[in-house]
Every structure is written in C-alpha cells, then in structure tokens.
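upload20.cif, holding mmCIF, C-alpha atoms:
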```
data_data
loop_
_atom_site.group_PDB
_atom_site.id
_atom_site.type_symbol
_atom_site.label_atom_id
_atom_site.label_comp_id
_atom_site.auth_asym_id
_atom_site.auth_seq_id
_atom_site.Cartn_x
_atom_site.Cartn_y
_atom_site.Cartn_z
ATOM 1 C CA MET A 1 -27.335 -52.881 -32.532
ATOM 2 C CA ASN A 2 -23.911 -51.335 -32.717
ATOM 3 C CA LYS A 3 -25.450 -47.925 -33.291
ATOM 4 C CA GLU A 4 -27.711 -48.346 -30.264
ATOM 5 C CA THR A 5 -24.773 -49.428 -28.125
ATOM 6 C CA THR A 6 -22.716 -46.499 -29.347
ATOM 7 C CA ASN A 7 -25.521 -44.064 -28.515
ATOM 8 C CA GLU A 8 -25.874 -45.578 -25.063
ATOM 9 C CA GLU A 9 -22.135 -45.286 -24.488
ATOM 10 C CA ILE A 10 -22.135 -41.671 -25.599
ATOM 11 C CA ALA A 11 -25.036 -40.887 -23.271
ATOM 12 C CA GLU A 12 -23.301 -42.682 -20.405
ATOM 13 C CA ASN A 13 -20.036 -40.842 -21.021
ATOM 14 C CA GLN A 14 -21.828 -37.505 -21.119
ATOM 15 C CA GLU A 15 -23.589 -38.314 -17.857
ATOM 16 C CA GLN A 16 -20.280 -39.255 -16.225
ATOM 17 C CA GLU A 17 -18.665 -36.052 -17.447
ATOM 18 C CA GLN A 18 -21.564 -34.007 -16.077
ATOM 19 C CA ASP A 19 -21.340 -35.811 -12.739
ATOM 20 C CA GLN A 20 -17.587 -35.191 -12.578
ATOM 21 C CA ALA A 21 -18.049 -31.512 -13.449
ATOM 22 C CA ALA A 22 -20.759 -31.143 -10.796
ATOM 23 C CA LYS A 23 -18.568 -32.880 -8.218
ATOM 24 C CA ALA A 24 -15.575 -30.682 -9.102
ATOM 25 C CA GLN A 25 -17.747 -27.574 -8.792
ATOM 26 C CA GLU A 26 -19.036 -28.745 -5.426
ATOM 27 C CA GLN A 27 -15.503 -29.407 -4.191
ATOM 28 C CA LEU A 28 -14.406 -25.953 -5.362
ATOM 29 C CA GLY A 29 -17.333 -24.385 -3.528
ATOM 30 C CA GLU A 30 -16.390 -26.213 -0.330
ATOM 31 C CA LEU A 31 -12.773 -25.106 -0.705
ATOM 32 C CA VAL A 32 -13.761 -21.483 -1.290
ATOM 33 C CA ARG A 33 -16.027 -21.451 1.777
ATOM 34 C CA ALA A 34 -13.336 -23.026 3.944
ATOM 35 C CA VAL A 35 -10.599 -20.648 2.764
ATOM 36 C CA PHE A 36 -12.855 -17.612 3.189
ATOM 37 C CA HIS A 37 -13.750 -18.683 6.746
ATOM 38 C CA ASN A 38 -10.098 -19.331 7.602
ATOM 39 C CA GLY A 39 -9.223 -15.860 6.330
ATOM 40 C CA LEU A 40 -11.830 -14.220 8.547
ATOM 41 C CA VAL A 41 -10.724 -16.187 11.590
ATOM 42 C CA ALA A 42 -7.057 -15.391 10.929
ATOM 43 C CA LEU A 43 -7.671 -11.659 10.560
ATOM 44 C CA LYS A 44 -9.826 -11.550 13.692
ATOM 45 C CA THR A 45 -6.771 -12.549 15.710
ATOM 46 C CA HIS A 46 -5.324 -9.128 14.781
ATOM 47 C CA PHE A 47 -8.346 -6.877 14.213
ATOM 48 C CA GLU A 48 -11.714 -6.539 15.952
ATOM 49 C CA ASP A 49 -13.769 -5.332 12.973
ATOM 50 C CA VAL A 50 -13.388 -7.684 9.986
ATOM 51 C CA GLU A 51 -15.726 -8.228 7.039
ATOM 52 C CA GLY A 52 -15.320 -10.037 3.760
ATOM 53 C CA GLN A 53 -16.798 -11.389 0.572
ATOM 54 C CA VAL A 54 -15.782 -13.583 -2.349
ATOM 55 C CA VAL A 55 -16.077 -12.316 -5.906
ATOM 56 C CA ASN A 56 -15.341 -14.233 -9.074
ATOM 57 C CA GLN A 57 -12.699 -12.775 -11.362
ATOM 58 C CA GLU A 58 -12.877 -13.841 -14.995
ATOM 59 C CA VAL A 59 -9.213 -14.784 -15.362
ATOM 60 C CA TYR A 60 -8.162 -15.773 -11.835
ATOM 61 C CA GLY A 61 -11.357 -17.222 -10.377
ATOM 62 C CA PRO A 62 -12.393 -16.610 -6.752
ATOM 63 C CA VAL A 63 -10.974 -13.445 -5.195
ATOM 64 C CA PHE A 64 -11.249 -13.055 -1.429
ATOM 65 C CA MET A 65 -11.961 -9.480 -0.408
ATOM 66 C CA TYR A 66 -11.474 -8.484 3.227
ATOM 67 C CA GLN A 67 -12.098 -5.195 5.013
ATOM 68 C CA VAL A 68 -10.772 -4.272 8.436
ATOM 69 C CA LYS A 69 -11.237 -1.096 10.453
ATOM 70 C CA ASP A 70 -8.745 0.651 12.697
ATOM 71 C CA ASP A 71 -9.468 2.147 16.116
ATOM 72 C CA SER A 72 -10.749 5.313 14.424
ATOM 73 C CA ASP A 73 -13.288 3.337 12.355
ATOM 74 C CA ASN A 74 -11.364 3.911 9.118
ATOM 75 C CA ALA A 75 -11.809 1.077 6.617
ATOM 76 C CA TYR A 76 -9.025 -0.649 4.700
ATOM 77 C CA VAL A 77 -9.675 -3.185 1.949
ATOM 78 C CA THR A 78 -7.496 -5.632 0.054
ATOM 79 C CA GLY A 79 -7.938 -8.910 -1.785
ATOM 80 C CA PHE A 80 -6.236 -12.249 -2.328
ATOM 81 C CA LEU A 81 -6.347 -14.962 -4.988
ATOM 82 C CA LEU A 82 -7.417 -18.482 -4.080
ATOM 83 C CA ARG A 83 -4.116 -20.164 -4.942
ATOM 84 C CA GLU A 84 -2.034 -17.824 -2.787
ATOM 85 C CA LEU A 85 -4.307 -18.228 0.256
ATOM 86 C CA VAL A 86 -4.351 -22.018 -0.093
ATOM 87 C CA ALA A 87 -0.554 -22.065 -0.387
ATOM 88 C CA ARG A 88 -0.158 -19.836 2.682
ATOM 89 C CA PHE A 89 -2.609 -21.795 4.853
ATOM 90 C CA GLN A 90 -0.973 -25.087 3.858
ATOM 91 C CA SER A 91 2.534 -23.781 4.489
ATOM 92 C CA GLY A 92 2.018 -23.391 8.236
ATOM 93 C CA LYS A 93 4.002 -20.139 8.107
ATOM 94 C CA ASP A 94 1.736 -18.048 10.366
ATOM 95 C CA PRO A 95 -0.942 -17.142 7.802
ATOM 96 C CA ALA A 96 -2.663 -14.792 10.267
ATOM 97 C CA SER A 97 0.368 -12.515 10.571
ATOM 98 C CA TRP A 98 0.930 -12.696 6.819
ATOM 99 C CA LEU A 99 -2.644 -11.601 6.074
ATOM 100 C CA ALA A 100 -2.543 -8.882 8.721
ATOM 101 C CA SER A 101 0.724 -7.482 7.353
ATOM 102 C CA PHE A 102 -1.044 -6.203 4.228
ATOM 103 C CA PHE A 103 -3.509 -4.238 6.338
ATOM 104 C CA TYR A 104 -0.831 -2.827 8.616
ATOM 105 C CA GLU A 105 0.889 -1.566 5.479
ATOM 106 C CA LEU A 106 -2.351 -0.021 4.186
ATOM 107 C CA MET A 107 -2.922 1.636 7.556
ATOM 108 C CA LYS A 108 0.109 3.807 6.932
ATOM 109 C CA THR A 109 -2.353 5.774 4.774
ATOM 110 C CA PRO A 110 -4.424 7.893 7.199
ATOM 111 C CA GLY A 111 -8.186 7.937 6.865
ATOM 112 C CA GLY A 112 -8.693 4.520 5.287
ATOM 113 C CA LYS A 113 -8.023 3.021 1.895
ATOM 114 C CA MET A 114 -10.732 1.467 -0.237
ATOM 115 C CA LEU A 115 -10.091 -0.338 -3.511
ATOM 116 C CA PRO A 116 -9.024 1.788 -6.500
ATOM 117 C CA ARG A 117 -11.654 2.433 -9.135
ATOM 118 C CA PRO A 118 -11.102 -0.131 -11.903
ATOM 119 C CA PRO A 119 -10.568 1.164 -15.443
ATOM 120 C CA ALA A 120 -13.855 1.566 -17.318
ATOM 121 C CA ASN A 121 -12.436 0.675 -20.738
ATOM 122 C CA GLU A 122 -9.274 -0.347 -22.593
ATOM 123 C CA ASP A 123 -8.014 3.222 -22.898
ATOM 124 C CA GLU A 124 -8.250 3.764 -19.140
ATOM 125 C CA ALA A 125 -6.580 0.401 -18.514
ATOM 126 C CA LYS A 126 -3.732 1.278 -20.883
ATOM 127 C CA ALA A 127 -3.270 4.679 -19.231
ATOM 128 C CA MET A 128 -3.203 3.071 -15.773
ATOM 129 C CA ILE A 129 -0.631 0.516 -16.929
ATOM 130 C CA ASP A 130 1.576 3.022 -18.781
ATOM 131 C CA ASN A 131 1.397 5.893 -16.301
ATOM 132 C CA VAL A 132 1.127 4.152 -12.931
ATOM 133 C CA LEU A 133 1.744 0.403 -12.946
ATOM 134 C CA VAL A 134 4.872 0.118 -15.096
ATOM 135 C CA PRO A 135 6.704 3.173 -13.653
ATOM 136 C CA GLN A 136 5.890 1.953 -10.125
ATOM 137 C CA CYS A 137 7.290 -1.514 -10.823
ATOM 138 C CA ILE A 138 10.420 -0.170 -12.524
ATOM 139 C CA ALA A 139 11.133 2.160 -9.609
ATOM 140 C CA ALA A 140 10.550 -0.578 -7.011
ATOM 141 C CA VAL A 141 12.835 -3.093 -8.769
ATOM 142 C CA LYS A 142 15.654 -0.565 -9.219
ATOM 143 C CA GLU A 143 15.381 0.535 -5.596
ATOM 144 C CA GLU A 144 15.343 -3.037 -4.286
ATOM 145 C CA PHE A 145 18.421 -4.043 -6.309
ATOM 146 C CA GLU A 146 20.249 -0.734 -6.195
ATOM 147 C CA GLY A 147 23.864 -1.109 -7.227
ATOM 148 C CA LEU A 148 23.158 -4.152 -9.406
ATOM 149 C CA ASP A 149 22.733 -4.259 -13.170
ATOM 150 C CA VAL A 150 19.012 -5.013 -13.507
ATOM 151 C CA HIS A 151 17.138 -5.229 -16.800
ATOM 152 C CA VAL A 152 13.525 -4.000 -16.744
ATOM 153 C CA GLY A 153 11.048 -3.543 -19.590
ATOM 154 C CA LEU A 154 7.992 -4.811 -21.408
ATOM 155 C CA GLN A 155 7.957 -7.838 -23.667
ATOM 156 C CA TRP A 156 5.388 -9.933 -25.532
ATOM 157 C CA HIS A 157 4.750 -13.532 -24.478
ATOM 158 C CA ASN A 158 2.989 -15.839 -26.955
ATOM 159 C CA GLU A 159 0.820 -17.404 -24.239
ATOM 160 C CA TYR A 160 0.307 -14.583 -21.722
ATOM 161 C CA GLY A 161 0.461 -11.505 -23.936
ATOM 162 C CA PRO A 162 2.266 -8.403 -22.614
ATOM 163 C CA VAL A 163 4.546 -9.117 -19.657
ATOM 164 C CA PHE A 164 6.753 -7.068 -17.378
ATOM 165 C CA GLU A 165 10.210 -8.570 -17.730
ATOM 166 C CA SER A 166 13.164 -8.070 -15.430
ATOM 167 C CA GLY A 167 16.411 -9.899 -14.908
ATOM 168 C CA PHE A 168 20.131 -9.864 -14.326
ATOM 169 C CA PRO A 169 22.399 -9.606 -17.408
ATOM 170 C CA GLU A 170 25.337 -10.674 -15.216
ATOM 171 C CA ILE A 171 23.878 -14.204 -15.089
ATOM 172 C CA LYS A 172 25.006 -15.828 -18.326
ATOM 173 C CA ASP A 173 24.054 -19.477 -17.794
ATOM 174 C CA GLY A 174 20.499 -20.627 -17.108
ATOM 175 C CA ASN A 175 17.421 -18.581 -16.362
ATOM 176 C CA ASN A 176 18.139 -14.941 -15.609
ATOM 177 C CA VAL A 177 14.729 -13.366 -16.328
ATOM 178 C CA CYS A 178 11.459 -13.034 -14.426
ATOM 179 C CA ALA A 179 8.393 -12.266 -16.575
ATOM 180 C CA VAL A 180 4.964 -11.476 -15.071
ATOM 181 C CA PRO A 181 1.790 -10.883 -17.138
ATOM 182 C CA LEU A 182 0.683 -7.258 -17.011
ATOM 183 C CA HIS A 183 -2.912 -8.300 -16.357
ATOM 184 C CA LEU A 184 -1.806 -10.089 -13.163
ATOM 185 C CA LEU A 185 0.116 -7.025 -11.998
ATOM 186 C CA LEU A 186 -2.881 -4.811 -12.764
ATOM 187 C CA THR A 187 -5.149 -7.174 -10.831
ATOM 188 C CA GLN A 188 -2.812 -6.944 -7.842
ATOM 189 C CA MET A 189 -2.810 -3.152 -7.989
ATOM 190 C CA LEU A 190 -6.619 -3.049 -8.155
ATOM 191 C CA LEU A 191 -6.676 -5.213 -5.005
ATOM 192 C CA ASN A 192 -4.605 -2.642 -3.090
ATOM 193 C CA ARG A 193 -1.595 -4.951 -3.325
ATOM 194 C CA ASP A 194 1.906 -3.924 -4.316
ATOM 195 C CA PRO A 195 2.360 -5.425 -7.815
ATOM 196 C CA SER A 196 6.136 -5.143 -7.638
ATOM 197 C CA GLU A 197 6.267 -7.755 -4.845
ATOM 198 C CA ILE A 198 5.701 -10.587 -7.335
ATOM 199 C CA ILE A 199 8.523 -9.348 -9.545
ATOM 200 C CA ILE A 200 10.941 -8.743 -6.700
ATOM 201 C CA GLN A 201 10.268 -12.178 -5.200
ATOM 202 C CA GLY A 202 10.858 -13.752 -8.610
ATOM 203 C CA LEU A 203 14.172 -11.921 -8.954
ATOM 204 C CA TYR A 204 15.312 -13.042 -5.508
ATOM 205 C CA ASN A 205 14.408 -16.620 -6.474
ATOM 206 C CA ILE A 206 16.593 -16.306 -9.588
ATOM 207 C CA ARG A 207 19.529 -15.021 -7.563
ATOM 208 C CA LYS A 208 19.077 -17.797 -5.018
ATOM 209 C CA GLU A 209 19.028 -20.436 -7.773
ATOM 210 C CA HIS A 210 22.390 -19.156 -8.958
ATOM 211 C CA GLY A 211 23.879 -18.996 -5.466
ATOM 212 C CA LEU A 212 23.871 -15.196 -5.377
ATOM 213 C CA GLU A 213 21.617 -14.960 -2.306
ATOM 214 C CA SER A 214 21.754 -16.869 0.960
#
```

Go ahead and express the file in the form of structure tokens.
Amino acid sequence: MNKETTNEEIAENQEQEQDQAAKAQEQLGELVRAVFHNGLVALKTHFEDVEGQVVNQEVYGPVFMYQVKDDSDNAYVTGFLLRELVARFQSGKDPASWLASFFYELMKTPGGKMLPRPPANEDEAKAMIDNVLVPQCIAAVKEEFEGLDVHVGLQWHNEYGPVFESGFPEIKDGNNVCAVPLHLLLTQMLLNRDPSEIIIQGLYNIRKEHGLES
C-alpha cells in the first residue's frame, strides 16, 4: 500500500512539475511577444520602416533583433536582450528614444550597417576577442576616464570564465573593480552594440558608490 501511495505521489509531483514548466514557458512566450511588439511600436515613433524578429541565444535566451531604414533605404540592424528591454520599458525612462539612439548612432556609418559575421569556430572567436574586442574596450575605458588611474585587463572568474576586468586602484576600501564576462561583451559586439558601454557604466556606478561622481 505504501509503495502504491508513493508511486502515486511521485506521478502527481511529476505532473505538477510538468504543468508548472508548461505554465512558465507560456508566460515567457507571452512576455516575449509583448516586449517584441512594444519594441516595434517604440521604434515606429522615430522611424517609418521598422522590421524585427526574435531569435533564441543559447546563453542569454530571447534576443530581439530590429532593423530600421533611413531615408535612402539603407538598413541598420541591432539587437537587445530580454532583461534589458524589460528593465527599460518598466523604468518609464522614454524607452522609444533609448531604442532609437542605438540606430541614430549606427546611422553615422553611411550606406547601412548589418550585423557582423559571427565567428565560425573557436579560433575565429579568439582572434575576434584578442584583436578587436579587448583592444576596443581598453581604448574606450582609457578615453572615458582619461587622467585617472584605471586598471584594465583580463582575468579568470570561477563561475563566468574569462572576464574583462577594470577598476580604480585609488579606491582602497570596498569594491573597486568591474568584471564583465567576455562572452557577454562578444555577444554585444555581434549585435552591433558597443561592448564597452557595459564596462563604462559599471565603472561609473563604482565611482558613484564611493561618492566620486555626482
């Protein structure tokens, strides 16, 4: 009897878990559709020709890809992660202008700008990181904080693997380092986003925490 009851309980628990998983998946699908629609509507307040699609990225989940065209019919494409779009739409801080700002920046490149070709293998990924991504981030951080002593370099994180680390040696007490996984920075670059923005924002947050920025 006990064995039968135990089997019934196991079956019931499995059914509940399956129902919860299905419900969570349904809720995620509804969220993705809503966020994607909101993105299109927001961009259409700035641009006439807007298209988009959602692709699933293995590490970061849904990625929202949008394309807009300028008056000369040149196409510009960039992408956004789900969490950052949700945060922006919930913040009430003019998400339409925020989204459009990325395209206005891309439009400084005449003739359009499609997504970069992703690396085909680990060797290409390593070359892109070593020769493009890391030098670009180092240069951007040093330019942004010119005149300050800023540490930049690569480190290994036990949970996230290789990270780009930067910080302020002048700060002796508390957190003085911002570390961002290289795979996140590479993802940003492959979405036509400036990967150094995440690092720079993190560094400004550190300075603000220590009363070094208003």

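Applied to the file shown here, the PyMOL selection byres ((chain A and resi 185-192) around 8) selects the residues Val77, Thr78, Gly79, Phe80, Met114, Leu115, Pro116, Arg117, Pro118, Ile129, Leu133, Val180, Pro181, Leu182, His183, Leu184, Arg193, Asp194, Pro195 and Ser196 of chain A.
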
| Care to translate the PyMOL selection byres ((chain A and resi 161-177) around 8) into actual residues of this file, as a list in words? |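 After applying the PyMOL selection byres ((chain A and resi 161-177) around 8), what remains is Val134, Asp149, Val150, His151, Val152, Gly153, Leu154, Gln155, Trp156, His157, Asn158, Glu159, Tyr160, Cys178, Ala179, Val180, Pro181, Leu182, Ile199, Leu203 and Ile206 of chain A.
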
| So how many Å separate CA of Ser97 in chain A and CA of Tyr76 in chain A, to one decimal? | 16.2 Å

| request: For each of A:Gly202, A:Gly39, A:Gly211, A:Pro110, take the minimum atom-to-atom distance to Ala96 in chain A, counting only C-alpha atoms, then give the residue where this is smallest. | output: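 Selected residue with least distance to Ala96 in chain A: A:Gly39.
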
| request: Could you check which of A:Asn56, A:Asn13, A:Asn121, A:Thr45 is closest to Gly29 in chain A, using only C-alpha atoms? | output: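 For Gly29 in chain A, the nearest of the given residues is A:Asn56.
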
| task | Could you state which residues are captured by the PyMOL selection byres ((chain A and resi 95) around 12) in this file, as a list in words? | result | Val35, Asn38, Gly39, Leu40, Val41, Ala42, Leu43, Thr45, His46, Glu84, Leu85, Val86, Ala87, Arg88, Phe89, Gln90, Ser91, Gly92, Lys93, Asp94, Ala96, Ser97, Trp98, Leu99, Ala100, Ser101 and Phe102 of chain A

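Minimum distance to Met65 in chain A across A:His210, A:Lys44, A:Phe36, A:Glu26 (counting all atoms listed in the file) occurs at A:Phe36.
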
| query | At what distance in Å, to one decimal, does CA of Leu148 in chain A lie from CA of Glu213 in chain A? | reply | 13.0 Å

| query | From the list A:Gln136, A:Glu143, A:Ala125, A:Val68, which residue is nearest Leu106 in chain A when using all atoms listed in the file? | reply | A:Val68

| field | Interatomic distance, CA of Met107 in chain A to CA of Gln53 in chain A (Å, one decimal) | value |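 Answer for the CA of Met107 in chain A to CA of Gln53 in chain A separation: 20.3 Å.
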